[in-house]
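*Asks:* Dropping in coords_26.cif, with mmCIF, C-alpha atoms.
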```cif
data_my_file
loop_
_atom_site.label_atom_id
_atom_site.label_comp_id
_atom_site.auth_asym_id
_atom_site.auth_seq_id
_atom_site.Cartn_x
_atom_site.Cartn_y
_atom_site.Cartn_z
CA MET A 1 4.17 -4.82 -11.25
CA GLU A 2 2.71 -7.29 -13.73
CA ARG A 3 5.71 -9.58 -13.21
CA LEU A 4 5.36 -9.44 -9.42
CA ILE A 5 1.73 -10.47 -9.71
CA ALA A 6 2.65 -13.26 -12.14
CA VAL A 7 5.18 -14.63 -9.64
CA ALA A 8 2.64 -14.49 -6.78
CA LYS A 9 0.02 -16.16 -8.99
CA LYS A 10 2.45 -18.91 -9.98
CA LEU A 11 3.42 -19.50 -6.35
CA ARG A 12 -0.22 -19.83 -5.31
CA GLN A 13 -1.65 -21.76 -8.25
CA GLU A 14 1.21 -23.87 -9.59
CA GLU A 15 3.49 -24.33 -6.60
CA ASN A 16 0.65 -24.51 -4.03
CA PHE A 17 2.48 -22.04 -1.78
CA ASN A 18 0.27 -21.15 1.17
CA GLY A 19 2.77 -18.97 3.03
CA TYR A 20 2.72 -15.23 3.48
CA ILE A 21 3.12 -12.99 0.42
CA HIS A 22 3.46 -9.23 0.79
CA LEU A 23 3.40 -7.30 -2.49
CA LYS A 24 4.53 -3.70 -2.75
CA SER A 25 2.69 -1.71 -5.36
CA ILE A 26 4.03 1.12 -7.41
CA PRO A 27 2.38 4.54 -7.24
CA GLY A 28 -0.14 4.98 -10.01
CA ALA A 29 -0.82 1.26 -10.44
CA SER A 30 -4.07 0.61 -12.25
CA ASP A 31 -7.19 -0.59 -10.45
CA GLU A 32 -7.00 -3.83 -12.43
CA LEU A 33 -3.45 -4.56 -11.26
CA MET A 34 -4.31 -3.72 -7.65
CA TYR A 35 -7.31 -6.02 -7.79
CA GLU A 36 -5.32 -8.91 -9.23
CA ALA A 37 -2.48 -8.38 -6.75
CA GLY A 38 -4.92 -8.67 -3.86
CA LEU A 39 -6.13 -12.05 -5.08
CA TYR A 40 -2.66 -13.59 -4.60
CA ALA A 41 -1.05 -11.51 -1.85
CA ASP A 42 -1.79 -11.64 1.86
CA ARG A 43 -0.91 -7.97 2.27
CA LEU A 44 -0.50 -5.11 -0.18
CA SER A 45 1.37 -1.90 0.38
CA VAL A 46 2.04 1.40 -1.35
CA ASN A 47 4.87 3.39 0.21
CA ILE A 48 3.99 7.06 0.50
CA GLU A 49 7.67 8.00 0.82
CA ILE A 50 7.31 11.30 2.74
CA PRO A 51 4.74 12.03 5.50
CA THR A 52 3.44 15.31 4.04
CA ILE A 53 2.38 16.54 0.61
CA SER A 54 4.60 19.60 1.00
CA GLY A 55 7.60 17.36 1.77
CA LEU A 56 6.92 15.26 -1.31
CA LYS A 57 6.66 18.40 -3.47
CA LEU A 58 9.96 19.65 -2.08
CA LEU A 59 11.97 16.48 -2.66
CA ALA A 60 10.15 14.97 -5.62
CA PRO A 61 8.25 17.72 -7.44
CA ASP A 62 7.60 15.39 -10.38
CA LYS A 63 5.68 12.92 -8.19
CA ASN A 64 1.96 13.30 -7.59
CA HIS A 65 0.49 12.54 -4.15
CA ALA A 66 -2.70 11.24 -5.80
CA ASP A 67 -0.68 8.48 -7.49
CA PHE A 68 0.09 7.09 -4.02
CA ILE A 69 -3.46 7.44 -2.75
CA LYS A 70 -5.39 5.89 -5.66
CA PRO A 71 -4.04 2.34 -5.20
CA MET A 72 -4.58 2.57 -1.42
CA LEU A 73 -8.19 3.56 -1.94
CA LYS A 74 -8.70 0.68 -4.39
CA VAL A 75 -7.32 -1.83 -1.88
CA LYS A 76 -9.46 -0.42 0.94
CA ASN A 77 -12.61 -0.61 -1.20
CA GLU A 78 -11.85 -4.14 -2.42
CA ILE A 79 -11.31 -5.37 1.14
CA ILE A 80 -14.65 -3.86 2.17
CA ARG A 81 -16.35 -5.42 -0.86
CA TYR A 82 -14.81 -8.81 -0.08
CA LYS A 83 -16.05 -8.70 3.52
CA GLU A 84 -19.57 -7.83 2.36
CA GLU A 85 -19.62 -10.56 -0.30
CA LYS A 86 -18.27 -13.08 2.23
CA LYS A 87 -21.41 -12.56 4.33
CA VAL A 88 -23.55 -13.73 1.40
CA ILE A 89 -21.25 -16.08 -0.54
CA ARG A 90 -19.07 -18.24 1.69
CA ASN A 91 -16.54 -19.26 -0.94
CA THR A 92 -15.76 -15.74 -2.17
CA ALA A 93 -12.12 -15.44 -3.24
CA LYS A 94 -9.93 -13.92 -0.53
CA TYR A 95 -8.66 -10.40 -1.14
CA ALA A 96 -5.53 -9.22 0.74
CA PRO A 97 -6.58 -10.98 3.96
CA ALA A 98 -3.81 -9.32 6.00
CA GLY A 99 -4.89 -5.87 4.77
CA GLN A 100 -2.61 -3.12 3.58
CA SER A 101 0.32 -1.14 4.90
CA THR A 102 2.47 1.82 3.96
CA GLN A 103 5.90 3.17 4.77
CA MET A 104 7.32 6.67 5.04
CA ILE A 105 10.81 8.10 5.34
CA ILE A 106 11.24 10.22 8.45
CA GLY A 107 13.72 13.06 8.84
CA ALA A 108 14.34 14.09 5.24
CA THR A 109 12.14 17.18 5.21
CA GLY A 110 11.87 18.27 8.83
CA GLU A 111 8.28 17.33 9.62
CA SER A 112 7.47 17.50 13.31
CA ASP A 113 6.45 14.46 15.32
CA LYS A 114 2.95 15.91 15.30
CA ASP A 115 2.96 16.05 11.46
CA ILE A 116 4.17 12.45 11.26
CA MET A 117 1.59 11.17 13.73
CA TYR A 118 -1.18 13.14 12.02
CA SER A 119 -0.20 11.56 8.69
CA ALA A 120 -0.10 8.05 10.15
CA THR A 121 -3.46 8.56 11.87
CA HIS A 122 -4.93 9.76 8.59
CA PHE A 123 -3.84 6.55 6.85
CA TYR A 124 -5.04 4.29 9.67
CA LYS A 125 -8.47 5.94 9.76
CA ASN A 126 -9.12 6.68 6.09
CA TYR A 127 -7.48 3.70 4.39
CA ASN A 128 -7.84 1.03 7.08
CA MET A 129 -4.09 0.48 7.25
CA LYS A 130 -2.93 -2.45 9.31
CA ARG A 131 0.56 -0.95 9.70
CA VAL A 132 2.39 2.27 8.99
CA TYR A 133 6.14 1.67 8.92
CA TYR A 134 8.81 4.31 9.38
CA SER A 135 12.32 4.41 7.96
CA GLY A 136 14.89 6.89 9.17
CA TYR A 137 16.36 9.17 6.55
CA VAL A 138 19.98 8.40 5.73
CA PRO A 139 21.64 11.18 3.70
CA ILE A 140 23.47 10.03 0.60
CA SER A 141 23.55 13.38 -1.16
CA THR A 142 24.47 16.98 -0.43
CA ASP A 143 21.32 18.36 -2.05
CA SER A 144 20.39 21.72 -0.49
CA ARG A 145 16.73 20.67 -0.12
CA LEU A 146 17.69 18.03 2.44
#
```
What's the structure tokens form of this structure?
*Replies:*
Amino acid sequence: MERLIAVAKKLRQEENFNGYIHLKSIPGASDELMYEAGLYADRLSVNIEIPTISGLKLLAPDKNHADFIKPMLKVKNEIIRYKEEKKVIRNTAKYAPAGQSTQMIIGATGESDKDIMYSATHFYKNYNMKRVYYSGYVPISTDSRL
């Protein structure tokens, strides 16, 4: 992730690129990296992979749901802090001005539409997501869990 941030920083500061940059974070990224990423990216995202915790445990038992949530919470809190500081200090550095998004794979673990919509609503309400994207599951394995 450090290299992604370095590229975004170089684009902004050395190449004077003012176009849209969307950086995807890795689960478990440190608060420091998430903060720095938001200084150079228009939008940040952490893909949650599967809509439910039980689905994640089934398909990726070694992955921890909290590792997906921590960076999202950091981005949400930094955006709130930026908006508050902007009220007092006009030239406050921008932080992820296009907000944050996430993506989940649908159809791998059999969640109902209700489960999927509940999960999306949770992220919109609790993490101020601008977008929740969905990708259809495409089987590439004959694993019995799928």
*Asks:* Specify as a ChimeraX atom specification each residue included when the PyMOL selection byres ((chain A and resi 90-103) around 6) is applied to this file.
*Replies:* /A:38-39,41-47,86,89,104,129-134
*Asks:* Once the PyMOL selection byres ((chain A and resi 24-27) around 7) has been applied to the shown file, what residues remain in the selection, as number ranges by chain?
*Replies:* A: 1, 22-23, 28-29, 44-46, 67-68
*Asks:* Save out the residues we just selected, C-alpha atoms, as an mmCIF file, in the frame of the given file.
*Replies:*
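result-v9.cif written:
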```cif
data_model
loop_
_atom_site.group_PDB
_atom_site.id
_atom_site.type_symbol
_atom_site.label_atom_id
_atom_site.label_comp_id
_atom_site.auth_asym_id
_atom_site.auth_seq_id
_atom_site.Cartn_x
_atom_site.Cartn_y
_atom_site.Cartn_z
ATOM 1 C CA MET A 1 4.170 -4.820 -11.250
ATOM 2 C CA HIS A 22 3.460 -9.230 0.790
ATOM 3 C CA LEU A 23 3.400 -7.300 -2.490
ATOM 4 C CA GLY A 28 -0.140 4.980 -10.010
ATOM 5 C CA ALA A 29 -0.820 1.260 -10.440
ATOM 6 C CA LEU A 44 -0.500 -5.110 -0.180
ATOM 7 C CA SER A 45 1.370 -1.900 0.380
ATOM 8 C CA VAL A 46 2.040 1.400 -1.350
ATOM 9 C CA ASP A 67 -0.680 8.480 -7.490
ATOM 10 C CA PHE A 68 0.090 7.090 -4.020
#
```
*Asks:* Of the candidates A:Tyr20, A:Tyr40, A:Tyr35, A:Tyr137, which one gets nearest to Ile105 of chain A if we count only C-alpha atoms?
*Replies:*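 Of A:Tyr20, A:Tyr40, A:Tyr35, A:Tyr137, the one nearest Ile105 of chain A, counting only C-alpha atoms, is A:Tyr137.
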*Asks:* Could you tell me how far atom CA of Asp31 of chain A sits from atom CA of Glu2 of chain A, in Å to one decimal place?
*Replies:*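 One can read the atom CA of Glu2 of chain A to atom CA of Asp31 of chain A distance as 12.4 Å.
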*Asks:* I'd like to know which of A:Ile48, A:Ile80, A:Ile69, A:Val75 is closest to Glu32 of chain A, using all atoms listed in the file.
*Replies:*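 Closest candidate: A:Val75.
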*Asks:* Nearest to Ala8 of chain A: which of A:Leu56, A:Ile21, A:Ile50, A:Ala66 is it, counting all atoms listed in the file?
*Replies:* A:Ile21
*Asks:* Nearest to Glu111 of chain A: which of A:Ala6, A:Ala60, A:Met34, A:Ile53 is it, counting all atoms listed in the file?
*Replies:*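 Closest residue, counting all atoms listed in the file: A:Ile53.
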*Asks:* Around (5.0, 12.2, 11.4) in the file's own coordinates, what residues are found within 10 Å if you use only C-alpha atoms, given back as a list of chain:residue names?
*Replies:*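 Counting only C-alpha atoms, I find these residues within 10 Å of (5.0, 12.2, 11.4): A:Ile50, A:Pro51, A:Thr52, A:Met104, A:Ile105, A:Ile106, A:Gly107, A:Gly110, A:Glu111, A:Ser112, A:Asp113, A:Lys114, A:Asp115, A:Ile116, A:Met117, A:Tyr118, A:Ser119, A:Ala120, A:Thr121, A:Tyr134.
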*Asks:* For the atom pair atom CA of Ser135 of chain A and atom CA of Glu49 of chain A, what is the interatomic distance in Å to one decimal place?
*Replies:*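 Result for atom CA of Ser135 of chain A versus atom CA of Glu49 of chain A: 9.2 Å, one decimal.
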*Asks:* Please compute the atom CA of Asn126 of chain A-atom CA of Ile5 of chain A distance, one decimal, in Å.
*Replies:*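 Rounded to one decimal, the two atoms are 25.7 Å apart.
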*Asks:* Which one is closest to Tyr127 of chain A: A:Glu78, A:Glu84, A:Glu36, A:Glu14? Count all atoms listed in the file.
*Replies:*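 Using all atoms listed in the file, Tyr127 of chain A sits closest to A:Glu78.
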*Asks:* With distances taken over all atoms listed in the file, which residue among A:Asn18, A:Ser30, A:Asn77, A:Thr109 lies nearest Leu58 of chain A?
*Replies:* A:Thr109
